[in-house]
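**Q** Hey, dropping data19.json in here, JSON, C-alpha atoms:
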```json
[["chain", "number", "residue", "atom", "x", "y", "z"],
["A", 110, "MET", "CA", -3.27, 67.64, 29.23],
["A", 111, "MET", "CA", -5.18, 67.08, 26.01],
["A", 112, "PHE", "CA", -7.02, 63.87, 25.25],
["A", 113, "SER", "CA", -8.17, 62.33, 21.99],
["A", 114, "LYS", "CA", -9.95, 59.00, 21.68],
["A", 115, "ILE", "CA", -9.66, 56.70, 18.67],
["A", 116, "SER", "CA", -12.38, 54.06, 18.41],
["A", 117, "ILE", "CA", -13.50, 51.17, 16.28],
["A", 118, "LEU", "CA", -17.29, 50.94, 16.61],
["A", 119, "LEU", "CA", -18.60, 47.55, 15.73],
["A", 120, "SER", "CA", -22.35, 47.88, 16.11],
["A", 121, "LEU", "CA", -23.72, 49.35, 12.91],
["A", 122, "ALA", "CA", -27.34, 48.36, 13.31],
["A", 123, "SER", "CA", -28.21, 50.84, 16.04],
["A", 124, "SER", "CA", -27.07, 54.30, 17.05],
["A", 125, "THR", "CA", -27.39, 53.21, 20.70],
["A", 126, "ALA", "CA", -24.99, 50.31, 20.59],
["A", 127, "VAL", "CA", -24.16, 50.25, 24.30],
["A", 128, "THR", "CA", -27.08, 49.19, 26.50],
["A", 129, "VAL", "CA", -27.47, 49.36, 30.26],
["A", 130, "ASP", "CA", -26.26, 45.75, 30.39],
["A", 131, "ALA", "CA", -22.95, 46.60, 28.71],
["A", 132, "ALA", "CA", -19.68, 46.05, 30.54],
["A", 133, "LYS", "CA", -16.65, 48.31, 30.21],
["A", 134, "VAL", "CA", -13.08, 47.17, 30.75],
["A", 135, "SER", "CA", -9.99, 49.41, 30.75],
["A", 136, "GLY", "CA", -6.41, 48.20, 30.73],
["A", 137, "TRP", "CA", -3.37, 47.36, 28.64],
["A", 138, "LEU", "CA", -3.57, 45.39, 25.40],
["A", 139, "TYR", "CA", -1.25, 42.39, 25.36],
["A", 140, "ASP", "CA", -0.69, 39.49, 23.03],
["A", 141, "ASN", "CA", -1.11, 36.06, 24.57],
["A", 142, "LEU", "CA", 2.34, 34.86, 23.52],
["A", 143, "CYS", "CA", 4.03, 37.56, 25.57],
["A", 144, "ILE", "CA", 1.68, 36.90, 28.48],
["A", 145, "ASN", "CA", 2.64, 33.23, 28.43],
["A", 146, "ASN", "CA", 6.33, 34.15, 28.25],
["A", 147, "CYS", "CA", 5.93, 36.21, 31.43],
["A", 148, "GLU", "CA", 4.15, 33.53, 33.45],
["A", 149, "GLY", "CA", 6.13, 32.63, 36.56],
["A", 150, "THR", "CA", 8.01, 35.91, 36.83],
["A", 151, "SER", "CA", 8.08, 37.48, 40.29],
["A", 152, "GLY", "CA", 9.15, 40.98, 39.39],
["A", 153, "PRO", "CA", 9.47, 43.44, 36.50],
["A", 154, "THR", "CA", 12.02, 41.36, 34.63],
["A", 155, "SER", "CA", 12.06, 41.45, 30.84],
["A", 156, "CYS", "CA", 10.19, 38.53, 29.27],
["A", 157, "THR", "CA", 9.07, 39.99, 25.92],
["A", 158, "PRO", "CA", 10.81, 41.28, 22.78],
["A", 159, "ASP", "CA", 10.24, 44.89, 23.85],
["A", 160, "GLY", "CA", 11.51, 44.34, 27.40],
["A", 161, "SER", "CA", 8.14, 44.68, 29.12],
["A", 162, "ASN", "CA", 6.52, 42.30, 31.57],
["A", 163, "ALA", "CA", 2.82, 41.49, 31.17],
["A", 164, "PHE", "CA", 2.26, 41.22, 34.92],
["A", 165, "TYR", "CA", 4.41, 44.10, 36.15],
["A", 166, "THR", "CA", 4.95, 46.64, 33.37],
["A", 167, "PRO", "CA", 2.12, 46.16, 30.85],
["A", 168, "SER", "CA", 1.85, 49.89, 30.16],
["A", 169, "VAL", "CA", 5.16, 49.87, 28.26],
["A", 170, "HIS", "CA", 4.23, 47.07, 25.85],
["A", 171, "THR", "CA", 4.77, 48.49, 22.38],
["A", 172, "GLY", "CA", 2.64, 48.63, 19.28],
["A", 173, "GLU", "CA", 5.58, 47.22, 17.36],
["A", 174, "CYS", "CA", 5.62, 44.09, 19.50],
["A", 175, "LEU", "CA", 1.85, 43.70, 19.24],
["A", 176, "LEU", "CA", 2.19, 43.54, 15.46],
["A", 177, "PHE", "CA", 4.84, 40.83, 15.25],
["A", 178, "ASP", "CA", 3.36, 37.94, 13.27],
["A", 179, "PHE", "CA", 3.93, 35.41, 16.04],
["A", 180, "CYS", "CA", 2.29, 37.76, 18.55],
["A", 181, "VAL", "CA", -0.73, 38.44, 16.34],
["A", 182, "VAL", "CA", -1.53, 34.76, 15.77],
["A", 183, "SER", "CA", -1.40, 34.08, 19.53],
["A", 184, "GLY", "CA", -4.40, 36.33, 20.13],
["A", 185, "HIS", "CA", -4.88, 39.27, 22.48],
["A", 186, "SER", "CA", -6.01, 39.93, 26.02],
["A", 187, "ILE", "CA", -6.38, 43.02, 28.18],
["A", 188, "MET", "CA", -4.32, 43.32, 31.36],
["A", 189, "SER", "CA", -5.72, 45.19, 34.35],
["A", 190, "GLU", "CA", -5.19, 48.93, 34.43],
["A", 191, "PHE", "CA", -3.77, 48.79, 37.96],
["A", 192, "PRO", "CA", -1.83, 46.08, 39.81],
["A", 193, "GLY", "CA", -3.28, 44.15, 42.73],
["A", 194, "GLU", "CA", -2.04, 44.26, 46.30],
["A", 195, "ASP", "CA", 0.73, 41.85, 45.31],
["A", 196, "GLY", "CA", 2.00, 44.30, 42.68],
["A", 197, "ARG", "CA", 0.90, 42.10, 39.79],
["A", 198, "HIS", "CA", -1.46, 43.00, 36.98],
["A", 199, "SER", "CA", -3.92, 40.33, 35.87],
["A", 200, "ILE", "CA", -5.85, 39.41, 32.75],
["A", 201, "VAL", "CA", -9.29, 41.05, 32.83],
["A", 202, "LEU", "CA", -10.60, 40.21, 29.34],
["A", 203, "LYS", "CA", -9.71, 37.74, 26.60],
["A", 204, "LEU", "CA", -10.35, 38.60, 22.97],
["A", 205, "VAL", "CA", -11.15, 35.78, 20.56],
["A", 206, "ASP", "CA", -12.38, 35.46, 16.97],
["A", 207, "ALA", "CA", -13.63, 38.82, 15.60],
["A", 208, "ALA", "CA", -12.71, 40.64, 18.83],
["A", 209, "ASN", "CA", -9.11, 39.58, 18.36],
["A", 210, "THR", "CA", -9.15, 40.86, 14.78],
["A", 211, "THR", "CA", -10.51, 44.16, 16.04],
["A", 212, "ALA", "CA", -7.58, 44.48, 18.45],
["A", 213, "TYR", "CA", -5.10, 43.82, 15.65],
["A", 214, "GLU", "CA", -6.75, 46.40, 13.40],
["A", 215, "LEU", "CA", -6.78, 48.99, 16.19],
["A", 216, "VAL", "CA", -3.03, 48.65, 16.70],
["A", 217, "LYS", "CA", -2.20, 48.48, 12.98],
["A", 218, "ASN", "CA", -4.30, 51.51, 12.08],
["A", 219, "SER", "CA", -2.96, 53.56, 14.99],
["A", 220, "GLY", "CA", 0.57, 53.68, 13.58],
["A", 221, "ILE", "CA", 1.87, 53.59, 17.15],
["A", 222, "THR", "CA", 5.12, 51.63, 17.49],
["A", 223, "THR", "CA", 6.09, 52.83, 20.98],
["A", 224, "ALA", "CA", 4.25, 52.02, 24.24],
["A", 225, "PHE", "CA", 0.64, 51.40, 23.29],
["A", 226, "PRO", "CA", -1.87, 53.54, 25.20],
["A", 227, "LYS", "CA", -4.47, 52.24, 27.62],
["A", 228, "VAL", "CA", -7.47, 50.71, 25.87],
["A", 229, "GLU", "CA", -11.16, 50.57, 26.74],
["A", 230, "ALA", "CA", -13.37, 47.68, 25.62],
["A", 231, "VAL", "CA", -17.15, 47.75, 25.76],
["A", 232, "PHE", "CA", -19.18, 44.56, 25.40],
["A", 233, "GLU", "CA", -22.51, 43.03, 26.34],
["A", 234, "ASP", "CA", -23.33, 39.75, 28.04],
["A", 235, "SER", "CA", -24.41, 38.27, 24.72],
["A", 236, "GLN", "CA", -20.88, 38.76, 23.36],
["A", 237, "VAL", "CA", -19.27, 36.65, 26.11],
["A", 238, "VAL", "CA", -18.58, 33.13, 24.84],
["A", 239, "SER", "CA", -16.93, 31.66, 27.95],
["A", 240, "THR", "CA", -15.52, 32.43, 31.38],
["A", 241, "ASP", "CA", -12.40, 30.75, 32.76],
["A", 242, "ALA", "CA", -11.81, 29.38, 36.26],
["A", 243, "ASP", "CA", -10.59, 32.79, 37.44],
["A", 244, "GLY", "CA", -13.78, 34.47, 36.26],
["A", 245, "VAL", "CA", -12.14, 36.14, 33.24],
["A", 246, "PRO", "CA", -14.58, 36.41, 30.31],
["A", 247, "SER", "CA", -13.72, 35.74, 26.68],
["A", 248, "VAL", "CA", -15.57, 37.80, 24.08],
["A", 249, "SER", "CA", -15.92, 36.97, 20.40],
["A", 250, "THR", "CA", -17.06, 40.45, 19.39],
["A", 251, "LEU", "CA", -16.96, 43.92, 20.93],
["A", 252, "THR", "CA", -19.32, 46.84, 20.94],
["A", 253, "SER", "CA", -16.31, 49.15, 20.83],
["A", 254, "LEU", "CA", -12.58, 49.14, 21.38],
["A", 255, "SER", "CA", -10.68, 52.40, 21.75],
["A", 256, "TYR", "CA", -7.46, 53.88, 23.03],
["A", 257, "GLU", "CA", -6.72, 57.26, 24.51],
["A", 258, "LEU", "CA", -3.83, 59.44, 23.43],
["A", 259, "VAL", "CA", -2.50, 61.75, 26.12],
["A", 260, "THR", "CA", -0.55, 64.79, 24.97],
["A", 261, "VAL", "CA", 1.69, 66.09, 27.73],
["A", 262, "VAL", "CA", 2.35, 69.80, 27.50],
["A", 263, "PRO", "CA", 5.88, 70.50, 28.79],
["A", 264, "PRO", "CA", 6.18, 73.10, 31.54],
["A", 265, "LYS", "CA", 7.14, 76.59, 30.45],
["A", 266, "ASP", "CA", 10.61, 77.89, 31.24],
["A", 267, "PRO", "CA", 10.15, 80.94, 33.50],
["A", 268, "TRP", "CA", 13.65, 82.15, 32.63],
["A", 269, "ALA", "CA", 12.74, 82.29, 28.94],
["A", 270, "GLU", "CA", 9.40, 83.97, 29.62],
["A", 271, "ASN", "CA", 10.81, 86.67, 31.90],
["A", 272, "PRO", "CA", 14.53, 87.05, 31.13],
["A", 273, "ASP", "CA", 14.84, 90.50, 32.72],
["A", 274, "LYS", "CA", 13.90, 89.01, 36.07],
["A", 275, "TYR", "CA", 16.44, 86.21, 36.02],
["A", 276, "TYR", "CA", 19.28, 87.56, 33.88],
["A", 277, "SER", "CA", 20.53, 90.61, 35.78],
["A", 278, "GLY", "CA", 24.03, 90.64, 34.34],
["A", 279, "ALA", "CA", 25.54, 90.24, 37.80],
["A", 280, "PRO", "CA", 28.18, 87.54, 38.42],
["A", 281, "THR", "CA", 26.80, 84.18, 39.45],
["A", 282, "THR", "CA", 28.48, 81.39, 41.39],
["A", 283, "GLN", "CA", 27.70, 77.90, 42.51],
["A", 284, "ALA", "CA", 29.38, 76.59, 45.61],
["A", 285, "VAL", "CA", 30.70, 73.16, 46.54],
["A", 286, "CYS", "CA", 28.87, 71.99, 49.67],
["A", 287, "ASN", "CA", 30.06, 69.78, 52.49],
["A", 288, "LYS", "CA", 26.54, 68.84, 53.60],
["A", 289, "PRO", "CA", 23.02, 69.17, 52.13],
["A", 290, "SER", "CA", 22.02, 71.98, 54.47],
["A", 291, "ASP", "CA", 24.73, 74.22, 52.95],
["A", 292, "GLY", "CA", 22.58, 74.72, 49.86],
["A", 293, "SER", "CA", 20.85, 78.10, 49.71],
["A", 294, "ILE", "CA", 18.96, 79.64, 46.82],
["A", 295, "ASN", "CA", 19.68, 83.16, 48.05],
["A", 296, "GLY", "CA", 23.14, 82.53, 49.50],
["A", 297, "ASN", "CA", 24.92, 80.44, 46.86],
["A", 298, "ASN", "CA", 22.43, 79.60, 44.09],
["A", 299, "MET", "CA", 22.30, 76.10, 45.55],
["A", 300, "CYS", "CA", 25.38, 73.93, 45.38],
["A", 301, "PHE", "CA", 27.07, 70.88, 43.98],
["A", 302, "ARG", "CA", 27.60, 67.70, 45.95],
["A", 303, "SER", "CA", 31.06, 67.68, 47.43],
["A", 304, "ASP", "CA", 32.20, 64.86, 45.10],
["A", 305, "VAL", "CA", 31.55, 66.94, 41.98],
["A", 306, "GLU", "CA", 34.45, 68.96, 40.65],
["A", 307, "VAL", "CA", 34.06, 71.57, 37.92],
["A", 308, "SER", "CA", 36.93, 73.48, 36.37],
["A", 309, "THR", "CA", 37.10, 76.36, 33.91],
["A", 310, "GLU", "CA", 38.05, 73.81, 31.26],
["A", 311, "ASP", "CA", 34.78, 71.82, 31.58]]
```
Could you spell out this file's structure in structure tokens?

**A**
Amino acid sequence: MMFSKISILLSLASSTAVTVDAAKVSGWLYDNLCINNCEGTSGPTSCTPDGSNAFYTPSVHTGECLLFDFCVVSGHSIMSEFPGEDGRHSIVLKLVDAANTTAYELVKNSGITTAFPKVEAVFEDSQVVSTDADGVPSVSTLTSLSYELVTVVPPKDPWAENPDKYYSGAPTTQAVCNKPSDGSINGNNMCFRSDVEVSTED
């Protein structure tokens, strides 16, 4: 797989923006309106315009949904990269003020309308303005905010790469099986389930 990272770097005063005290959070960008809409759900039911669920399927939340006006004005948060033992994702970082604007600009400039990729936020203690009762920090600015694009290279078709090996010109058949064990790569080129019927007219 090939990776490319797109970043908005916010610290212009120093070339070493991230210090040893910096914190790094990875997860899924979500608007607060959709998060609120999904509160109280107990499974991956649809509770957002794009059909995702903030607490169960945050990785499929789309860039299009993140850019709806009513979603933008609600602010943004980052959901955990992985679910907890209960299967639910949780809020790990809240973005307010300039940090929220940065999130909006990241999505808008990306041009991504489908599922938005995982993001990584870097911030320092001095950028934390508050912490809620669950220990989730809110940051007003960020050192950096980035997302990672993953390009999946499809597997190569061995039949296309080596046609002489697989296309011998000999007759081929595919049997109808009565039970799974009847399938044989060498004996019958595997087989259909017994409830599948194929005719010469299909």

**Q** Can you tell me how far atom CA of Lys203 of chain A sits from atom CA of Ser135 of chain A, in Å to one decimal?

**A** 12.4 Å

**Q** Take atom CA of Ser189 of chain A and atom CA of Ala163 of chain A and report the distance between them in Å, one decimal.

**A**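 Atom CA of Ser189 of chain A sits 9.8 Å away from atom CA of Ala163 of chain A.
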
**Q** Have a look at atom CA of Asp206 of chain A and atom CA of Met188 of chain A and let me know their distance in Å, one decimal.

**A**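 Rounded to one decimal, the two atoms are 18.3 Å apart.
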
**Q** At a cut-off of 12 Å from (10.2, 43.6, 26.3) in the coordinates of the file, what residues are picked up using all atoms listed in the file, written as a VMD selection string?

**A** chain A and resid 139 143 to 144 146 to 147 153 to 175 223 to 224

**Q** Listing only residues of segment 162-232 of chain A within 9 Å of segment 240-247 of chain A, what is the closest atom pair and its distance in Å (to one decimal) for each, using all atoms listed in the file, sorted by chain and residue number ascending, as a tab-separated table?

**A**
```
residue	atom	partner	partner_atom	distance
A:Ser186	CA	A:Ser247	CA	8.8
A:Ile200	CA	A:Val245	CA	7.1
A:Val201	CA	A:Val245	CA	5.7
A:Leu202	CA	A:Pro246	CA	5.6
A:Lys203	CA	A:Ser247	CA	4.5
A:Leu204	CA	A:Ser247	CA	5.8
A:Val205	CA	A:Ser247	CA	6.6
```

**Q** Closest to Asn218 of chain A among A:Val262, A:Leu176, A:Ile187, A:Val182, using all atoms listed in the file?

**A**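 Residue with the minimum atom-to-atom distance to Asn218 of chain A: A:Leu176.
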
**Q** Would you kindly return, as a list in words, each protein, DNA or RNA residue with an atom no farther than 10 Å from any atom of Asn209 of chain A, considering all atoms listed in the file and excluding same-chain residues fewer than 2 positions away?

**A**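 Residues meeting the cut-off are Asp140, Val181, Val182, Ser183, Gly184, His185, Ser186, Lys203, Leu204, Val205, Asp206, Ala207, Thr211, Ala212, Tyr213, Glu214, Leu215, Val248, Ser249, Thr250 and Leu251 of chain A.
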